[in-house]
file query.txt (compact mmCIF, C-alpha atoms and all ligand atoms)
# COMPACT_ATOMS: atom_id res chain seq x y z
CA MET M 8 13.65 -27.52 -54.37
CA ALA M 9 12.28 -24.40 -52.71
CA GLU M 10 8.54 -23.94 -52.54
CA PRO M 11 7.25 -21.12 -54.75
CA PRO M 12 6.49 -18.04 -52.63
CA THR M 13 2.91 -17.58 -51.47
CA ARG M 14 0.82 -14.72 -52.80
CA CYS M 15 -1.94 -12.80 -51.10
CA GLY M 16 -4.05 -9.79 -51.96
CA PHE M 17 -7.27 -7.86 -51.73
CA VAL M 18 -9.52 -7.90 -54.76
CA ALA M 19 -12.34 -5.34 -54.62
CA LEU M 20 -15.47 -5.87 -56.69
CA ILE M 21 -17.11 -2.59 -57.50
CA GLY M 22 -19.96 -1.64 -59.81
CA ALA M 23 -23.45 -0.26 -60.11
CA PRO M 24 -26.19 -1.77 -57.92
CA ASN M 25 -27.51 -5.17 -58.96
CA VAL M 26 -24.78 -6.06 -61.48
CA GLY M 27 -24.03 -9.28 -59.56
CA LYS M 28 -21.07 -8.41 -57.32
CA SER M 29 -22.28 -10.48 -54.38
CA THR M 30 -23.27 -13.42 -56.58
CA LEU M 31 -19.77 -13.38 -58.07
CA VAL M 32 -18.03 -13.19 -54.68
CA ASN M 33 -19.97 -16.27 -53.55
CA ALA M 34 -19.08 -18.06 -56.79
CA LEU M 35 -15.38 -17.16 -56.44
CA VAL M 36 -15.30 -18.29 -52.80
CA GLY M 37 -17.40 -21.36 -53.50
CA THR M 38 -19.83 -20.83 -50.65
CA LYS M 39 -22.31 -18.22 -49.48
CA VAL M 40 -20.55 -15.44 -47.62
CA THR M 41 -22.65 -12.50 -48.77
CA ILE M 42 -26.33 -11.98 -49.52
CA ILE M 43 -28.07 -11.54 -52.84
CA SER M 44 -31.40 -10.21 -54.04
CA HIS M 45 -33.08 -9.19 -57.27
CA LYS M 46 -33.46 -5.69 -55.78
CA VAL M 47 -30.89 -2.91 -56.04
CA GLN M 48 -28.81 -1.82 -53.03
CA THR M 49 -28.77 -5.14 -51.25
CA THR M 50 -25.20 -5.03 -49.93
CA ARG M 51 -24.72 -2.27 -47.35
CA ALA M 52 -21.29 -2.80 -45.82
CA PRO M 53 -18.17 -4.43 -47.29
CA VAL M 54 -18.06 -8.20 -46.87
CA ARG M 55 -14.86 -10.18 -47.33
CA GLY M 56 -14.85 -13.64 -48.82
CA ILE M 57 -11.63 -15.63 -48.94
CA ALA M 58 -10.47 -18.21 -51.48
CA LEU M 59 -7.27 -20.16 -52.12
CA GLU M 60 -6.06 -20.67 -55.66
CA ALA M 61 -2.68 -21.97 -56.82
CA GLY M 62 -0.82 -20.90 -53.67
CA ALA M 63 -2.53 -17.53 -53.55
CA GLN M 64 -4.95 -16.31 -50.92
CA LEU M 65 -7.50 -14.07 -52.59
CA ILE M 66 -9.47 -11.80 -50.30
CA PHE M 67 -12.51 -10.64 -52.23
CA VAL M 68 -14.16 -7.47 -51.00
CA ASP M 69 -17.85 -7.32 -51.89
CA THR M 70 -18.85 -3.67 -51.85
CA PRO M 71 -22.22 -1.88 -51.94
CA GLY M 72 -23.37 -0.80 -55.41
CA ILE M 73 -22.26 2.68 -56.43
CA PHE M 74 -25.05 5.11 -57.35
CA ALA M 75 -25.98 8.74 -56.78
CA PRO M 76 -26.60 8.74 -53.02
CA LYS M 77 -29.49 10.59 -51.39
CA ARG M 78 -30.01 9.40 -47.85
CA ARG M 79 -27.36 9.25 -45.14
CA LEU M 80 -27.26 5.45 -45.40
CA ASP M 81 -26.75 5.69 -49.19
CA ARG M 82 -23.82 8.05 -48.68
CA ALA M 83 -22.20 5.70 -46.17
CA MET M 84 -22.62 2.79 -48.61
CA VAL M 85 -21.11 4.59 -51.58
CA THR M 86 -18.21 6.00 -49.54
CA THR M 87 -17.31 2.55 -48.25
CA ALA M 88 -17.45 1.09 -51.77
CA TRP M 89 -14.88 3.60 -53.07
CA ALA M 90 -12.72 3.08 -49.99
CA GLY M 91 -12.68 -0.64 -50.84
CA ALA M 92 -11.44 0.18 -54.33
CA HIS M 93 -8.66 2.49 -53.12
CA ASP M 94 -7.38 -0.12 -50.64
CA ALA M 95 -7.37 -3.03 -53.08
CA ASP M 96 -4.45 -4.75 -54.82
CA VAL M 97 -6.70 -5.32 -57.82
CA ILE M 98 -9.97 -3.61 -58.68
CA CYS M 99 -12.62 -5.55 -60.58
CA LEU M 100 -15.22 -3.34 -62.21
CA LEU M 101 -18.37 -5.34 -62.78
CA VAL M 102 -20.71 -4.45 -65.58
CA ASP M 103 -24.07 -6.07 -66.26
CA ALA M 104 -23.58 -7.19 -69.87
CA LYS M 105 -27.27 -6.86 -70.57
CA ARG M 106 -27.53 -3.33 -69.22
CA GLY M 107 -24.23 -2.21 -70.72
CA ILE M 108 -22.75 1.16 -69.78
CA ASP M 109 -25.73 2.90 -68.25
CA GLU M 110 -25.65 6.19 -66.38
CA GLU M 111 -24.44 4.61 -63.12
CA THR M 112 -21.59 2.64 -64.70
CA ASP M 113 -20.68 5.70 -66.75
CA ALA M 114 -20.27 7.75 -63.56
CA ILE M 115 -18.11 5.02 -62.01
CA LEU M 116 -15.86 4.91 -65.10
CA ARG M 117 -15.33 8.65 -64.91
CA ARG M 118 -14.12 8.36 -61.34
CA LEU M 119 -12.19 5.12 -61.83
CA VAL M 120 -9.76 6.80 -64.24
CA ASP M 121 -8.14 8.53 -61.26
CA VAL M 122 -7.79 5.46 -59.05
CA GLU M 123 -4.24 4.26 -59.56
CA ARG M 124 -4.64 0.55 -58.92
CA PRO M 125 -4.44 -2.42 -61.27
CA ARG M 126 -7.92 -2.91 -62.69
CA VAL M 127 -9.86 -5.34 -64.78
CA ALA M 128 -13.37 -5.24 -66.15
CA ILE M 129 -15.77 -8.11 -65.74
CA LEU M 130 -18.79 -8.41 -67.98
CA ASN M 131 -21.24 -10.41 -65.91
CA LYS M 132 -24.51 -12.11 -66.85
CA VAL M 133 -23.13 -13.35 -70.18
CA ASP M 134 -25.88 -15.98 -70.08
CA LEU M 135 -28.32 -13.21 -71.01
CA VAL M 136 -26.64 -11.71 -74.11
CA GLU M 137 -25.20 -12.49 -77.55
CA LYS M 138 -21.46 -12.81 -78.02
CA SER M 139 -21.36 -9.90 -80.49
CA THR M 140 -22.86 -7.57 -77.88
CA LEU M 141 -20.10 -8.61 -75.46
CA LEU M 142 -17.30 -7.83 -77.87
CA THR M 143 -18.67 -4.37 -78.61
CA LEU M 144 -19.11 -3.68 -74.92
CA ALA M 145 -15.57 -4.86 -74.12
CA LYS M 146 -14.16 -2.55 -76.77
CA THR M 147 -16.13 0.47 -75.57
CA LEU M 148 -15.05 -0.15 -71.98
CA ASN M 149 -11.38 -0.38 -72.86
CA GLU M 150 -11.59 2.88 -74.78
CA ARG M 151 -13.02 4.59 -71.72
CA VAL M 152 -10.58 3.25 -69.10
CA ALA M 153 -7.52 1.11 -69.87
CA MET M 154 -7.98 -2.31 -68.32
CA GLU M 155 -5.34 -5.00 -67.75
CA ALA M 156 -7.85 -7.58 -68.86
CA ILE M 157 -11.53 -8.03 -69.59
CA PHE M 158 -13.35 -11.13 -68.43
CA MET M 159 -16.73 -12.43 -69.48
CA VAL M 160 -18.47 -14.46 -66.84
CA SER M 161 -21.78 -15.64 -65.55
CA ALA M 162 -21.74 -15.56 -61.77
CA LEU M 163 -25.03 -17.44 -61.89
CA THR M 164 -23.93 -20.42 -64.02
CA GLY M 165 -20.26 -20.26 -63.01
CA ASP M 166 -19.16 -19.77 -66.61
CA GLY M 167 -15.70 -18.14 -66.71
CA VAL M 168 -15.38 -17.88 -62.91
CA ALA M 169 -12.49 -20.38 -62.59
CA ASP M 170 -10.49 -18.58 -65.29
CA LEU M 171 -10.97 -15.28 -63.51
CA ARG M 172 -9.86 -16.77 -60.18
CA ARG M 173 -6.74 -18.27 -61.76
CA TRP M 174 -5.80 -14.97 -63.36
CA LEU M 175 -6.24 -13.10 -60.08
CA ALA M 176 -4.10 -15.68 -58.26
CA GLY M 177 -1.21 -14.77 -60.55
CA ARG M 178 -1.85 -11.04 -60.25
CA VAL M 179 -1.91 -10.44 -56.48
CA PRO M 180 1.48 -9.63 -54.88
CA GLU M 181 3.78 -12.12 -53.20
CA GLY M 182 3.29 -12.26 -49.49
CA PRO M 183 2.16 -14.39 -46.58
CA TRP M 184 -1.47 -15.42 -46.25
CA LEU M 185 -3.43 -13.21 -43.88
CA TYR M 186 -6.07 -15.74 -42.85
CA PRO M 187 -6.01 -19.40 -41.82
CA GLU M 188 -6.36 -21.59 -44.87
CA ASP M 189 -9.81 -22.94 -44.07
CA GLN M 190 -11.37 -19.51 -43.45
CA VAL M 191 -13.89 -18.30 -46.05
CA SER M 192 -15.08 -15.06 -44.46
CA ASP M 193 -13.89 -12.54 -41.91
CA ALA M 194 -17.39 -11.60 -40.79
CA PRO M 195 -18.54 -12.89 -37.42
CA MET M 196 -21.27 -15.52 -37.74
CA ARG M 197 -23.76 -13.34 -35.87
CA GLN M 198 -23.38 -10.74 -38.59
CA LEU M 199 -23.86 -13.25 -41.43
CA ALA M 200 -26.94 -14.54 -39.58
CA ALA M 201 -28.42 -11.01 -39.50
CA GLU M 202 -27.60 -10.56 -43.19
CA ILE M 203 -29.33 -13.82 -44.10
CA THR M 204 -32.52 -12.63 -42.40
CA ARG M 205 -32.21 -9.33 -44.29
CA GLU M 206 -31.91 -11.29 -47.54
CA LYS M 207 -35.25 -12.95 -46.79
CA LEU M 208 -36.79 -9.53 -46.02
CA TYR M 209 -35.60 -8.28 -49.40
CA ALA M 210 -37.15 -11.27 -51.13
CA ARG M 211 -40.54 -10.93 -49.42
CA LEU M 212 -41.09 -7.21 -48.94
CA HIS M 213 -41.53 -4.56 -51.56
CA GLN M 214 -41.19 -0.90 -52.45
CA GLU M 215 -39.40 1.15 -49.84
CA LEU M 216 -39.77 -1.31 -46.98
CA PRO M 217 -36.55 -3.29 -47.47
CA TYR M 218 -34.58 -0.04 -47.62
CA GLN M 219 -36.21 1.22 -44.45
CA SER M 220 -35.43 -1.88 -42.44
CA THR M 221 -32.33 -3.34 -40.85
CA VAL M 222 -31.61 -6.53 -38.91
CA GLU M 223 -29.41 -7.07 -35.87
CA THR M 224 -28.49 -10.18 -33.93
CA ASP M 225 -29.09 -9.53 -30.21
CA ILE M 226 -28.58 -12.88 -28.58
CA TRP M 227 -26.50 -15.88 -29.58
CA LYS M 228 -26.69 -18.70 -27.09
CA GLU M 229 -25.01 -22.06 -27.41
CA LEU M 230 -27.37 -24.80 -26.31
CA ARG M 231 -26.55 -28.25 -25.05
CA GLY M 232 -26.43 -30.77 -27.89
CA GLY M 233 -24.80 -28.38 -30.39
CA ALA M 234 -27.78 -26.23 -31.32
CA VAL M 235 -27.74 -22.45 -31.08
CA ARG M 236 -30.48 -20.03 -30.05
CA ILE M 237 -30.44 -16.79 -32.03
CA GLU M 238 -32.59 -13.76 -31.32
CA GLN M 239 -32.73 -10.96 -33.86
CA THR M 240 -34.47 -7.61 -34.12
CA ILE M 241 -35.84 -6.23 -37.37
CA PHE M 242 -35.96 -2.43 -37.14
CA VAL M 243 -38.49 -0.55 -39.28
CA GLU M 244 -39.40 3.13 -39.51
CA ARG M 245 -43.14 3.11 -38.88
CA ASP M 246 -45.85 1.07 -37.23
CA SER M 247 -47.56 0.49 -40.58
CA GLN M 248 -44.33 -1.20 -41.72
CA ARG M 249 -44.21 -3.33 -38.61
CA LYS M 250 -47.67 -4.62 -39.47
CA ILE M 251 -46.57 -5.51 -43.02
CA VAL M 252 -43.50 -7.35 -41.76
CA LEU M 253 -45.67 -9.33 -39.34
CA GLY M 254 -48.29 -10.06 -42.00
CA LYS M 255 -51.78 -11.40 -41.50
CA GLY M 256 -51.81 -13.47 -38.32
CA GLY M 257 -48.00 -13.28 -38.31
CA ALA M 258 -47.77 -15.20 -41.61
CA THR M 259 -45.06 -13.03 -43.21
CA ILE M 260 -42.66 -12.98 -40.28
CA LYS M 261 -43.19 -16.71 -39.89
CA ALA M 262 -42.20 -17.35 -43.50
CA ILE M 263 -39.18 -15.03 -43.25
CA GLY M 264 -38.14 -16.76 -40.03
CA ALA M 265 -38.45 -20.25 -41.52
CA GLU M 266 -36.37 -19.36 -44.59
CA ALA M 267 -33.73 -17.53 -42.55
CA ARG M 268 -33.51 -20.33 -40.01
CA ARG M 269 -32.93 -22.89 -42.76
CA ASP M 270 -30.11 -20.90 -44.39
CA ILE M 271 -28.44 -19.93 -41.10
CA ALA M 272 -28.47 -23.58 -39.98
CA GLN M 273 -26.89 -24.51 -43.30
CA ALA M 274 -24.18 -21.87 -42.92
CA LEU M 275 -23.44 -22.92 -39.34
CA GLU M 276 -23.82 -26.63 -40.06
CA ARG M 277 -25.80 -27.06 -36.87
CA PRO M 278 -29.41 -26.80 -35.65
CA VAL M 279 -30.70 -23.28 -35.10
CA HIS M 280 -33.60 -21.89 -33.09
CA LEU M 281 -34.34 -18.47 -34.51
CA PHE M 282 -36.53 -15.85 -32.84
CA LEU M 283 -37.39 -12.65 -34.69
CA PHE M 284 -38.73 -9.45 -33.15
CA VAL M 285 -39.95 -6.42 -35.07
CA LYS M 286 -39.41 -2.97 -33.56
CA VAL M 287 -40.36 0.48 -34.76
CA ARG M 288 -37.34 2.77 -34.54
CA GLU M 289 -38.19 5.99 -36.32
CA GLY M 290 -35.10 7.54 -37.90
CA TRP M 291 -32.85 4.47 -37.40
CA GLY M 292 -31.15 5.60 -40.62
CA ASP M 293 -29.80 8.59 -38.68
CA ASP M 294 -28.72 6.64 -35.61
CA PRO M 295 -24.92 6.10 -35.29
CA GLU M 296 -25.46 2.91 -33.27
CA ARG M 297 -27.14 1.21 -36.26
CA TYR M 298 -24.14 2.06 -38.44
CA ARG M 299 -21.76 0.59 -35.91
CA GLU M 300 -23.76 -2.64 -36.00
CA MET M 301 -23.62 -2.69 -39.81
CA GLY M 302 -19.89 -1.96 -39.86
CA LEU M 303 -20.29 1.37 -41.66
CA GLU M 304 -18.79 4.77 -40.91
CA PHE M 305 -21.49 7.21 -39.76
CA PRO M 306 -21.51 10.14 -42.20
CA LYS M 307 -21.69 13.51 -40.41
CA GLU M 308 -24.57 14.59 -42.62
N1 LIG S 401 -28.86 -14.09 -65.36
C1 LIG S 401 -27.95 -13.77 -64.45
N2 LIG S 401 -28.31 -13.16 -63.29
C2 LIG S 401 -27.35 -12.86 -62.40
C3 LIG S 401 -25.99 -13.15 -62.62
N3 LIG S 401 -25.28 -12.70 -61.55
C4 LIG S 401 -26.17 -12.17 -60.69
N4 LIG S 401 -27.44 -12.27 -61.19
C5 LIG S 401 -28.68 -11.78 -60.56
O1 LIG S 401 -28.61 -10.37 -60.42
C6 LIG S 401 -29.31 -9.94 -59.24
C7 LIG S 401 -28.40 -9.08 -58.39
O2 LIG S 401 -27.36 -9.87 -57.87
P1 LIG S 401 -26.47 -9.40 -56.62
O3 LIG S 401 -25.32 -10.34 -56.54
O4 LIG S 401 -27.30 -9.19 -55.41
O5 LIG S 401 -25.97 -7.98 -57.19
P2 LIG S 401 -25.05 -6.87 -56.45
O6 LIG S 401 -24.22 -6.24 -57.51
O7 LIG S 401 -24.34 -7.46 -55.31
O8 LIG S 401 -26.16 -5.84 -55.96
P3 LIG S 401 -26.06 -4.69 -54.78
O9 LIG S 401 -25.53 -5.34 -53.55
O10 LIG S 401 -27.47 -4.25 -54.62
O11 LIG S 401 -25.18 -3.61 -55.32
C8 LIG S 401 -29.77 -11.22 -58.55
O12 LIG S 401 -31.11 -11.46 -58.89
C9 LIG S 401 -28.86 -12.29 -59.13
O13 LIG S 401 -29.43 -13.59 -59.14
C10 LIG S 401 -25.62 -13.80 -63.85
O14 LIG S 401 -24.47 -14.10 -64.15
N5 LIG S 401 -26.65 -14.07 -64.73
MG MG S 402 -24.42 -7.01 -53.32

call {"tool": "encode", "arguments": {"input": "query.txt", "output": "structure tokens"}}
result
Amino acid sequence: MAEPPTRCGFVALIGAPNVGKSTLVNALVGTKVTIISHKVQTTRAPVRGIALEAGAQLIFVDTPGIFAPKRRLDRAMVTTAWAGAHDADVICLLVDAKRGIDEETDAILRRLVDVERPRVAILNKVDLVEKSTLLTLAKTLNERVAMEAIFMVSALTGDGVADLRRWLAGRVPEGPWLYPEDQVSDAPMRQLAAEITREKLYARLHQELPYQSTVETDIWKELRGGAVRIEQTIFVERDSQRKIVLGKGGATIKAIGAEARRDIAQALERPVHLFLFVKVREGWGDDPERYREMGLEFPKE
């Protein structure tokens, strides 16, 4: 008997900031491929996470949250998120079930009407709300934009995630797999390592500082015995910010380094020696080189 044909497709997750897109991509892939924080605007550039389900290769595209952009970096993030949606075989619109259709999601719905791709809505964070709220929200959403299906999940607890993955496996087109079957991400490890350090910055630093910082991996050196030496630079805008990142007697950078080192070593499954440097680079948000490093188009203005 002939094998059933393989399927393969891109599934873009779009939505307002902080609705849980990255958490859901990690849950769908089954391992950490993209970073998460309780702050808005954590994801900056698209990250692809890959999963196999019932003969289908699902390539999930985690996109930056969509909001009304102000700075150049914001514009680049929002543009890349919509580009991800236009290129996808299936678009998943994520909505935070607790927040419902707020101003940001409302603006996305208005624009989504014109994107002619198969689309589903996903109500995330169902662990935080009553069932009756979910049903009302699902109905309202479907009245706004026709959806092929509406899923209710908790990316945090995993509730509903397997059902969603199975449905998507049947929905993506027939075609050969684009990645080797054991691959879970298309991002180079040095990029994931920089992102992990940025995740720790987001967890430890407050107000505008996370948004005014970026992390790059400069040196990646294989050591004898299987360990790797990684050197990274944290760019900030001002010297006062550099001092905050360092902390009293270097305490903050030490804590960030320890947490990042632990998670990078876990991702690489090998020992890691991590060295962090903090540099003041005024106006890095207007420097094309930084965008190249992040994998973002540099907006002209
Ligand atoms: N209670 C609950 N919290 C969740 C769930 N999914 C995500 N979160 C939390 O929501 C916050 C934002 O999650 P992210 O995955 O970073 O959200 P995002 O949509 O990728 O955010 P941006 O990249 O900033 O657009 C984090 O604190 C998550 O732990 C969920 O199902 N239930
Ligand atoms: Mg994210």

call {"tool": "residues_near_ligand", "arguments": {"input": "query.txt", "ligand": "ligand LIG 401 (chain S)", "cutoff": "7 Å", "atoms": "all atoms listed in the file", "output": "NGL selection string"}}
result
:M and (22-31 or 42-51 or 71-72 or 131-135 or 160-164)

call {"tool": "closest_residue", "arguments": {"input": "query.txt", "among": "M:Asp293, M:Glu137, M:Asp225, M:Asp121", "to": "M:Val152", "atoms": "all atoms listed in the file"}}
result
M:Asp121

call {"tool": "atom_distance", "arguments": {"input": "query.txt", "atom1": "atom CA of M:Val120", "atom2": "atom CA of M:Leu185"}}
result
29.2 Å

call {"tool": "closest_residue", "arguments": {"input": "query.txt", "among": "M:Arg79, M:Leu101, M:Val36, M:Ala9", "to": "ligand MG 402 (chain S)", "atoms": "all atoms listed in the file"}}
result
M:Leu101

call {"tool": "closest_residue", "arguments": {"input": "query.txt", "among": "M:Asp113, M:Glu202, M:Asp94, M:Asp189", "to": "ligand MG 402 (chain S)", "atoms": "all atoms listed in the file"}}
result
M:Glu202

call {"tool": "residues_around", "arguments": {"input": "query.txt", "residues": "M:Ile260", "least_positions_apart": "4", "cutoff": "9 Å", "atoms": "only C-alpha atoms", "output": "list of chain:residue names"}}
result
M:Leu208, M:Ile251, M:Val252, M:Leu253, M:Gly254, M:Gly264, M:Ala265, M:Leu283, M:Phe284, M:Val285

call {"tool": "residues_around", "arguments": {"input": "query.txt", "residues": "M:Gly37", "least_positions_apart": "5", "cutoff": "9 Å", "atoms": "only C-alpha atoms", "output": "PyMOL selection string"}}
result
chain M and resi 32+58+191

call {"tool": "residues_around", "arguments": {"input": "query.txt", "residues": "M:Leu130", "least_positions_apart": "3", "cutoff": "8 Å", "atoms": "all atoms listed in the file", "output": "PyMOL selection string"}}
result
chain M and resi 101-104+133+141+145+157-160

call {"tool": "build_atoms", "arguments": {"input": "query.txt", "residues": "stretch 134-156 of chain M", "atoms": "N, CA and C atoms", "output": "compact mmCIF listing (two decimals), keeping the file's coordinate frame"}}
result
# COMPACT_ATOMS: atom_id res chain seq x y z
N ASP M 134 -24.82 -15.03 -69.69
CA ASP M 134 -25.88 -15.98 -70.08
C ASP M 134 -27.08 -15.26 -70.69
N LEU M 135 -27.14 -13.94 -70.54
CA LEU M 135 -28.32 -13.21 -71.01
C LEU M 135 -28.11 -12.49 -72.35
N VAL M 136 -26.88 -12.51 -72.89
CA VAL M 136 -26.64 -11.71 -74.11
C VAL M 136 -25.87 -12.48 -75.19
N GLU M 137 -25.93 -11.94 -76.40
CA GLU M 137 -25.20 -12.49 -77.55
C GLU M 137 -23.72 -12.14 -77.46
N LYS M 138 -22.91 -13.00 -78.01
CA LYS M 138 -21.46 -12.81 -78.02
C LYS M 138 -21.06 -11.47 -78.69
N SER M 139 -21.73 -11.12 -79.77
CA SER M 139 -21.36 -9.90 -80.49
C SER M 139 -21.55 -8.66 -79.61
N THR M 140 -22.60 -8.67 -78.81
CA THR M 140 -22.86 -7.57 -77.88
C THR M 140 -21.69 -7.44 -76.90
N LEU M 141 -21.19 -8.60 -76.44
CA LEU M 141 -20.10 -8.61 -75.46
C LEU M 141 -18.84 -7.98 -76.03
N LEU M 142 -18.54 -8.33 -77.27
CA LEU M 142 -17.30 -7.83 -77.87
C LEU M 142 -17.36 -6.31 -78.04
N THR M 143 -18.51 -5.82 -78.46
CA THR M 143 -18.67 -4.37 -78.61
C THR M 143 -18.52 -3.68 -77.26
N LEU M 144 -19.15 -4.26 -76.26
CA LEU M 144 -19.11 -3.68 -74.92
C LEU M 144 -17.67 -3.67 -74.38
N ALA M 145 -16.96 -4.76 -74.59
CA ALA M 145 -15.57 -4.86 -74.12
C ALA M 145 -14.72 -3.75 -74.77
N LYS M 146 -14.93 -3.55 -76.03
CA LYS M 146 -14.16 -2.55 -76.77
C LYS M 146 -14.45 -1.14 -76.23
N THR M 147 -15.73 -0.85 -76.07
CA THR M 147 -16.13 0.47 -75.57
C THR M 147 -15.52 0.72 -74.19
N LEU M 148 -15.57 -0.30 -73.33
CA LEU M 148 -15.05 -0.15 -71.98
C LEU M 148 -13.56 0.19 -72.00
N ASN M 149 -12.83 -0.57 -72.80
CA ASN M 149 -11.38 -0.38 -72.86
C ASN M 149 -11.00 0.98 -73.41
N GLU M 150 -11.85 1.53 -74.26
CA GLU M 150 -11.59 2.88 -74.78
C GLU M 150 -11.80 3.93 -73.69
N ARG M 151 -12.73 3.64 -72.80
CA ARG M 151 -13.02 4.59 -71.72
C ARG M 151 -11.94 4.58 -70.65
N VAL M 152 -11.59 3.39 -70.15
CA VAL M 152 -10.58 3.25 -69.10
C VAL M 152 -9.72 2.04 -69.47
N ALA M 153 -8.40 2.24 -69.53
CA ALA M 153 -7.52 1.11 -69.87
C ALA M 153 -7.60 0.03 -68.80
N MET M 154 -7.86 -1.18 -69.25
CA MET M 154 -7.98 -2.31 -68.32
C MET M 154 -6.85 -3.29 -68.59
N GLU M 155 -6.37 -3.97 -67.53
CA GLU M 155 -5.34 -5.00 -67.75
C GLU M 155 -5.93 -6.21 -68.46
N ALA M 156 -7.19 -6.44 -68.23
CA ALA M 156 -7.85 -7.58 -68.86
C ALA M 156 -9.36 -7.38 -68.78
